[in-house]
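Student: Data file my_file-v8.tsv (TSV, C-alpha atoms) is appended below.
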chain	number	residue	atom	x	y	z
A	17	MET	CA	-8.36	18.28	56.76
A	18	LYS	CA	-6.12	15.34	57.38
A	19	GLU	CA	-6.74	12.31	55.18
A	20	SER	CA	-7.23	10.18	58.31
A	21	LEU	CA	-10.43	12.14	59.03
A	22	LEU	CA	-12.01	10.37	56.07
A	23	GLU	CA	-12.23	7.15	58.10
A	24	ILE	CA	-14.64	8.69	60.59
A	25	LEU	CA	-16.80	10.67	58.19
A	26	CYS	CA	-19.82	9.38	56.34
A	27	CYS	CA	-22.57	10.67	54.09
A	28	PRO	CA	-24.98	12.65	56.31
A	29	LEU	CA	-27.92	11.37	54.27
A	30	ASP	CA	-27.41	7.59	54.18
A	31	LYS	CA	-24.31	7.02	56.41
A	32	HIS	CA	-22.33	5.26	53.67
A	33	ASP	CA	-18.59	5.73	53.14
A	34	LEU	CA	-17.17	8.72	51.30
A	35	GLU	CA	-14.57	8.65	48.57
A	36	LEU	CA	-12.06	11.45	48.04
A	37	GLU	CA	-11.84	12.98	44.55
A	38	ASP	CA	-9.73	15.77	43.03
A	39	ALA	CA	-7.72	16.22	46.24
A	40	GLU	CA	-5.19	19.01	46.44
A	41	TYR	CA	-2.70	18.87	49.30
A	42	ASP	CA	-0.75	21.58	51.13
A	43	ASP	CA	3.01	21.99	50.69
A	44	ASP	CA	3.82	19.46	53.39
A	45	GLY	CA	1.47	16.98	51.75
A	46	ASP	CA	-0.22	15.98	55.00
A	47	GLU	CA	-3.37	18.04	54.70
A	48	ILE	CA	-6.08	18.16	52.06
A	49	VAL	CA	-6.76	21.79	51.16
A	50	SER	CA	-9.47	21.21	48.58
A	51	GLY	CA	-11.30	18.40	46.89
A	52	THR	CA	-14.62	16.61	46.89
A	53	LEU	CA	-16.04	13.86	49.07
A	54	VAL	CA	-18.43	11.61	47.16
A	55	CYS	CA	-20.87	9.17	48.73
A	56	THR	CA	-20.17	5.66	47.50
A	57	GLU	CA	-23.88	4.86	47.69
A	58	CYS	CA	-26.01	7.85	46.67
A	59	GLY	CA	-23.32	9.79	44.78
A	60	GLU	CA	-23.98	13.06	46.65
A	61	ARG	CA	-20.93	15.36	46.48
A	62	TYR	CA	-19.54	17.34	49.42
A	63	PRO	CA	-16.88	20.02	48.85
A	64	ILE	CA	-13.67	20.52	50.82
A	65	GLU	CA	-12.76	24.21	50.81
A	66	ASP	CA	-9.83	25.86	52.61
A	67	GLY	CA	-9.19	22.57	54.36
A	68	ILE	CA	-12.72	22.32	55.79
A	69	PRO	CA	-15.06	19.59	54.56
A	70	ASN	CA	-18.62	20.85	54.18
A	71	LEU	CA	-20.79	17.88	55.10
A	72	LEU	CA	-24.06	19.72	55.43
A	73	PRO	CA	-26.88	17.96	53.62
A	74	PRO	CA	-27.50	19.69	50.27
A	75	ASP	CA	-30.77	21.31	51.42
A	76	MET	CA	-28.98	23.06	54.31
A	77	ARG	CA	-26.09	24.52	52.32
A	78	GLU	CA	-28.06	27.59	51.22
A	79	GLY	CA	-30.66	27.91	53.96
A	80	THR	CA	-28.48	29.49	56.63
A	81	PRO	CA	-27.45	33.13	57.04
A	82	ALA	CA	-24.12	34.14	55.54
B	7	MET	CA	-34.46	42.88	71.07
B	8	LYS	CA	-32.39	40.29	69.33
B	9	LEU	CA	-30.49	37.63	71.19
B	10	ALA	CA	-27.22	38.89	69.76
B	11	ASP	CA	-27.85	42.28	71.35
B	12	LYS	CA	-28.53	40.71	74.73
B	13	ARG	CA	-25.29	38.76	74.77
B	14	GLY	CA	-22.85	41.18	73.18
B	15	LEU	CA	-21.60	42.49	69.89
B	16	GLU	CA	-20.16	39.57	67.97
B	17	THR	CA	-22.68	38.33	65.39
B	18	ASP	CA	-20.64	35.71	63.52
B	19	VAL	CA	-19.18	33.35	66.12
B	20	TYR	CA	-20.07	32.79	69.78
B	21	GLN	CA	-17.14	33.82	71.93
B	22	PRO	CA	-15.97	31.81	74.96
B	23	ALA	CA	-18.02	32.67	78.04
B	24	GLU	CA	-18.70	31.21	81.51
B	25	ASP	CA	-20.41	28.15	79.99
B	26	SER	CA	-17.42	27.48	77.72
B	27	HIS	CA	-14.97	27.69	80.63
B	28	LEU	CA	-17.01	25.34	82.81
B	29	LEU	CA	-17.34	22.77	80.03
B	30	ALA	CA	-13.67	23.00	78.99
B	31	THR	CA	-12.42	22.57	82.56
B	32	THR	CA	-14.80	19.73	83.41
B	33	ALA	CA	-14.19	17.87	80.15
B	34	SER	CA	-10.42	18.17	80.52
B	35	GLU	CA	-10.62	16.46	83.92
B	36	ARG	CA	-12.62	13.54	82.51
B	37	ILE	CA	-10.98	12.88	79.15
B	38	ASP	CA	-7.81	10.82	78.88
B	39	ASP	CA	-4.72	10.98	76.72
B	40	GLY	CA	-5.37	8.88	73.63
B	41	ASP	CA	-9.14	9.43	73.62
B	42	PHE	CA	-10.80	10.53	70.42
B	43	VAL	CA	-13.08	13.47	71.13
B	44	LEU	CA	-15.66	15.40	69.11
B	45	GLU	CA	-16.92	18.80	70.15
B	46	VAL	CA	-20.23	19.58	68.45
B	47	GLY	CA	-20.91	23.27	67.86
B	48	THR	CA	-17.33	24.22	68.54
B	49	GLY	CA	-17.84	27.97	67.93
B	50	SER	CA	-14.52	29.72	68.50
B	51	GLY	CA	-12.77	26.39	69.05
B	52	TYR	CA	-11.87	27.32	72.63
B	53	VAL	CA	-13.26	24.20	74.33
B	54	VAL	CA	-11.80	21.70	71.89
B	55	GLU	CA	-8.41	23.43	71.97
B	56	THR	CA	-8.38	23.36	75.78
B	57	ILE	CA	-9.23	19.65	75.82
B	58	ALA	CA	-6.49	18.85	73.30
B	59	ASP	CA	-3.88	20.93	75.18
B	60	GLU	CA	-4.79	19.71	78.66
B	61	THR	CA	-5.30	16.01	78.00
B	62	GLY	CA	-3.34	15.04	74.89
B	63	ALA	CA	-6.53	13.60	73.38
B	64	ARG	CA	-7.16	13.90	69.67
B	65	ALA	CA	-10.03	16.38	69.58
B	66	ILE	CA	-11.88	17.67	66.54
B	67	GLY	CA	-14.61	20.29	66.24
B	68	SER	CA	-17.73	20.56	64.12
B	69	ASP	CA	-20.07	23.46	63.54
B	70	LEU	CA	-22.98	24.46	61.32
B	71	ASN	CA	-21.46	27.92	61.01
B	72	PRO	CA	-18.70	28.32	58.38
B	73	HIS	CA	-17.16	31.23	60.30
B	74	ALA	CA	-16.81	29.03	63.37
B	75	CYS	CA	-15.16	26.29	61.31
B	76	GLU	CA	-12.67	28.87	60.02
B	77	ARG	CA	-11.87	30.13	63.55
B	78	ALA	CA	-11.30	26.57	64.75
B	79	ARG	CA	-9.06	25.86	61.81
B	80	ASP	CA	-7.13	29.08	62.46
B	81	ARG	CA	-6.33	27.64	65.90
B	82	GLY	CA	-4.79	24.66	64.12
B	83	LEU	CA	-7.74	22.39	64.93
B	84	GLU	CA	-9.45	19.88	62.66
B	85	ALA	CA	-12.87	21.26	61.77
B	86	VAL	CA	-15.86	19.80	59.96
B	87	ARG	CA	-18.91	21.76	58.81
B	88	ALA	CA	-21.83	19.63	59.87
B	89	ASP	CA	-25.42	19.48	61.06
B	90	LEU	CA	-24.85	18.05	64.55
B	91	LEU	CA	-23.66	14.43	64.30
B	92	THR	CA	-25.03	13.52	60.88
B	93	PRO	CA	-21.72	13.04	58.95
B	94	PHE	CA	-19.84	11.07	61.63
B	95	ALA	CA	-19.40	7.32	61.40
B	96	ALA	CA	-20.85	4.91	63.97
B	97	SER	CA	-18.91	3.86	67.11
B	98	THR	CA	-16.22	6.49	66.59
B	99	PHE	CA	-15.75	8.72	69.65
B	100	ASP	CA	-14.65	8.09	73.23
B	101	ALA	CA	-16.28	11.37	74.21
B	102	VAL	CA	-18.67	13.84	72.60
B	103	VAL	CA	-18.74	17.30	74.14
B	104	PHE	CA	-21.53	19.82	73.47
B	105	ASN	CA	-22.34	23.32	74.69
B	106	PRO	CA	-25.65	23.55	72.85
B	107	PRO	CA	-27.81	26.52	71.92
B	108	TYR	CA	-30.12	26.38	74.91
B	109	LEU	CA	-31.99	29.65	75.37
B	110	PRO	CA	-35.77	29.33	75.07
B	111	THR	CA	-36.74	31.64	72.22
B	112	ASP	CA	-39.98	33.20	71.05
B	113	PRO	CA	-41.06	31.30	67.92
B	114	ASP	CA	-41.70	34.59	66.11
B	115	ASN	CA	-38.04	35.45	66.43
B	116	GLU	CA	-36.47	35.12	63.00
B	117	TRP	CA	-33.30	33.14	62.38
B	118	ASP	CA	-31.46	36.03	60.86
B	119	ASP	CA	-27.88	35.72	62.03
B	120	TRP	CA	-25.35	33.13	63.11
B	121	MET	CA	-25.43	34.18	66.75
B	122	GLU	CA	-29.05	33.24	67.01
B	123	HIS	CA	-28.19	29.76	65.74
B	124	ALA	CA	-25.52	29.58	68.43
B	125	LEU	CA	-27.85	30.60	71.25
B	126	SER	CA	-31.45	29.65	70.54
B	127	GLY	CA	-32.83	26.28	71.48
B	128	GLY	CA	-36.27	26.99	70.06
B	129	GLU	CA	-39.40	27.58	72.13
B	130	SER	CA	-38.51	24.94	74.73
B	131	GLY	CA	-34.79	25.69	74.68
B	132	ARG	CA	-34.28	21.96	74.06
B	133	GLU	CA	-34.92	21.54	70.34
B	134	VAL	CA	-31.27	21.18	69.36
B	135	ILE	CA	-30.45	19.16	72.49
B	136	ASP	CA	-33.27	16.71	71.67
B	137	ARG	CA	-32.00	16.19	68.11
B	138	PHE	CA	-28.47	15.70	69.48
B	139	LEU	CA	-29.59	13.12	72.05
B	140	THR	CA	-31.48	11.14	69.42
B	141	ASP	CA	-28.31	10.53	67.38
B	142	VAL	CA	-25.35	10.72	69.78
B	143	GLY	CA	-25.50	7.05	70.85
B	144	ARG	CA	-24.74	6.04	67.28
B	145	VAL	CA	-21.35	7.80	67.10
B	146	LEU	CA	-20.10	6.86	70.59
B	147	SER	CA	-17.75	3.95	71.15
B	148	PRO	CA	-19.23	1.25	73.48
B	149	ASP	CA	-17.73	2.89	76.59
B	150	GLY	CA	-18.07	6.41	75.25
B	151	VAL	CA	-19.41	9.33	77.28
B	152	VAL	CA	-21.27	12.54	76.51
B	153	LEU	CA	-20.42	15.75	78.34
B	154	LEU	CA	-23.35	18.10	77.84
B	155	LEU	CA	-23.72	21.59	79.25
B	156	VAL	CA	-27.24	22.52	80.32
B	157	SER	CA	-28.70	25.59	81.98
B	158	SER	CA	-31.44	25.98	84.55
B	159	LEU	CA	-33.13	28.11	81.85
B	160	THR	CA	-33.33	25.01	79.67
B	161	GLY	CA	-34.55	22.60	82.32
B	162	VAL	CA	-31.98	20.11	83.57
B	163	GLU	CA	-34.61	17.54	84.68
B	164	GLU	CA	-36.21	17.50	81.24
B	165	VAL	CA	-32.84	16.91	79.58
B	166	VAL	CA	-32.01	14.08	82.01
B	167	GLU	CA	-35.38	12.48	81.27
B	168	ARG	CA	-34.91	12.80	77.50
B	169	ALA	CA	-31.41	11.27	77.77
B	170	GLY	CA	-32.94	8.40	79.74
B	171	GLU	CA	-35.33	7.69	76.88
B	172	GLU	CA	-32.26	7.23	74.65
B	173	GLY	CA	-30.71	4.75	77.10
B	174	PHE	CA	-28.36	7.10	78.96
B	175	SER	CA	-28.00	7.60	82.66
B	176	ALA	CA	-26.99	11.13	83.60
B	177	VAL	CA	-24.81	12.41	86.43
B	178	ALA	CA	-24.18	16.07	87.15
B	179	VAL	CA	-20.39	16.33	87.32
B	180	ALA	CA	-20.07	20.11	87.71
B	181	ASP	CA	-22.22	23.12	88.30
B	182	GLU	CA	-21.84	26.84	88.74
B	183	SER	CA	-24.41	29.49	89.68
B	184	PHE	CA	-24.80	32.89	88.08
B	185	PRO	CA	-27.37	35.64	88.72
B	186	TYR	CA	-29.71	34.49	85.94
B	187	GLU	CA	-28.99	30.79	85.60
B	188	THR	CA	-27.21	27.79	87.01
B	189	LEU	CA	-25.00	25.91	84.57
B	190	THR	CA	-24.58	22.15	84.93
B	191	VAL	CA	-22.35	19.71	83.07
B	192	LEU	CA	-24.08	16.37	82.66
B	193	GLU	CA	-22.09	13.23	81.99
B	194	LEU	CA	-24.18	10.69	80.07
B	195	VAL	CA	-23.19	7.04	80.02
B	196	ARG	CA	-24.91	3.89	78.81
Translate this file's structure into structure tokens.

Tutor:
Amino acid sequence: MKESLLEILCCPLDKHDLELEDAEYDDDGDEIVSGTLVCTECGERYPIEDGIPNLLPPDMREGTPA
Amino acid sequence: MKLADKRGLETDVYQPAEDSHLLATTASERIDDGDFVLEVGTGSGYVVETIADETGARAIGSDLNPHACERARDRGLEAVRADLLTPFAASTFDAVVFNPPYLPTDPDNEWDDWMEHALSGGESGREVIDRFLTDVGRVLSPDGVVLLLVSSLTGVEEVVERAGEEGFSAVAVADESFPYETLTVLELVR
């Protein structure tokens, strides 16, 4: 994901801003490949894997077929 | 018989079909260069890619399904794994585009693969659409529009009425008839 995407994302639970932690960028440095998005209010953590932020609420992360 | 068997073989990601083409074409005519567009439930990424290519808009896709997010990303698109509109900030998008799961489904049918998530709209066919309509006003910019594909199987009048309850007026901007259903693209504005 591009870092600019962060401006339009929010915590799905309480709609507060997210903060980027432990970001790893691709070779060009313009895309975040992995990291964690952390809600500035409730502290819930959302992973970024293979460039895709997973912003499902925690109770939905496991409940869907693989 | 499972829904996946009725529609084809792919069980991970819904592949572009007549509904996708109608929505992609109609949306591309109504979205402008410079708009910021979200496609909810992007599936293969076909609709959002068409919009980006045809209009020059910045278009991103979201999906519940991780395989869909990967396909969209493989097309070079920005993808977010999300439950409908829940992780998107208020007053963000000039247009939100959605080809929802709309087939009315027997409640005894189990949710056992991704294709069923992509197709089934619950017993009424409108369960996902109703949840979408409840929240979409929040993420739209003041002049933002929704382009929503609905089927005669789902009940276009019911969707228009539900949108009205959320403060939207609906206009049918495209439709196309097939042997089993008529597809309509509704434009919702406030």

Student: Expressed in Å to a single decimal, how great is the separation between CA of Leu70 in chain B and CA of Glu57 in chain A?

Tutor: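 Computing it gives 23.9 Å between the two atoms.
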
Student: Please measure the separation of CA of Thr52 in chain A and CA of Glu35 in chain A, giving the value in Å to one decimal.

Tutor: 8.1 Å

Student: Which of these residues is nearest to Lys18 in chain A, using only C-alpha atoms: B:Thr32, B:Val191, B:Ile66, B:Asp59?

Tutor: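 Checking each of B:Thr32, B:Val191, B:Ile66, B:Asp59 against Lys18 in chain A, counting only C-alpha atoms, the winner is B:Ile66.
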
Student: Can you build me a table of chain A residues sitting at most 8 Å from chain B, with the closest atom pair per residue and its distance in Å to one decimal, using all atoms listed in the file, sorted by chain and residue number, as a Markdown table?

Tutor:
| residue | atom | partner | partner_atom | distance |
| --- | --- | --- | --- | --- |
| A:Met17 | CA | B:Glu84 | CA | 6.2 |
| A:Lys18 | CA | B:Glu84 | CA | 7.7 |
| A:Glu23 | CA | B:Ala95 | CA | 7.9 |
| A:Ile24 | CA | B:Ala95 | CA | 5.0 |
| A:Leu25 | CA | B:Phe94 | CA | 4.6 |
| A:Cys26 | CA | B:Pro93 | CA | 4.9 |
| A:Cys27 | CA | B:Pro93 | CA | 5.5 |
| A:Pro28 | CA | B:Pro93 | CA | 4.2 |
| A:Leu29 | CA | B:Thr92 | CA | 7.5 |
| A:Lys31 | CA | B:Ala95 | CA | 7.0 |
| A:Ile68 | CA | B:Val86 | CA | 5.8 |
| A:Pro69 | CA | B:Val86 | CA | 5.5 |
| A:Asn70 | CA | B:Arg87 | CA | 4.7 |
| A:Leu71 | CA | B:Ala88 | CA | 5.2 |
| A:Leu72 | CA | B:Ala88 | CA | 5.0 |
| A:Pro73 | CA | B:Asp89 | CA | 7.7 |
| A:Pro81 | CA | B:Asp119 | CA | 5.6 |
| A:Ala82 | CA | B:Asp119 | CA | 7.7 |

Student: Of the candidates B:Ala23, B:Gly161, B:Pro110, B:Arg64, which shows the shortest atom-to-atom distance to Ser20 in chain A, using all atoms listed in the file?

Tutor: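 Smallest separation from Ser20 in chain A among the options: B:Arg64.
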
Student: Near range 102-108 of chain B, within 10 Å and counting all atoms listed in the file, which residues show up once chain neighbours fewer than 5 positions away are dropped, as an NGL selection string?

Tutor: :B and (25-26 or 28-30 or 33 or 42-49 or 53-54 or 57 or 65-67 or 90-91 or 121-135 or 138 or 142-143 or 145-146 or 150-161 or 191 or 193-194)

Student: Can you measure CA of Gly173 in chain B to CA of Leu192 in chain B for me? One decimal in Å is fine.

Tutor: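 It comes out at 14.5 Å.
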
Student: Please determine, counting only C-alpha atoms, which residue among B:Val195, B:Leu139, B:Ala63, B:Ile37 has the shortest atom-to-atom distance to Arg168 in chain B.

Tutor: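 Between B:Val195, B:Leu139, B:Ala63, B:Ile37, the residue approaching Arg168 in chain B most closely is B:Leu139.
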
Student: Quick one: residues within 6 Å of (-9.9, 16.2, 49.8) (file frame), counting only C-alpha atoms, please, as a ChimeraX atom specification.

Tutor: /A:36,39,48,50-52,64

Student: Keeping only C-alpha atoms, take the residues you just selected and write them out as a PDB file, in the coordinates of the input.

Tutor:
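Written output follows (result10.pdb):
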ATOM      1  CA  LEU A  36     -12.060  11.450  48.040  1.00  0.00           C
ATOM      2  CA  ALA A  39      -7.720  16.220  46.240  1.00  0.00           C
ATOM      3  CA  ILE A  48      -6.080  18.160  52.060  1.00  0.00           C
ATOM      4  CA  SER A  50      -9.470  21.210  48.580  1.00  0.00           C
ATOM      5  CA  GLY A  51     -11.300  18.400  46.890  1.00  0.00           C
ATOM      6  CA  THR A  52     -14.620  16.610  46.890  1.00  0.00           C
ATOM      7  CA  ILE A  64     -13.670  20.520  50.820  1.00  0.00           C
TER       8      ILE A  64
END
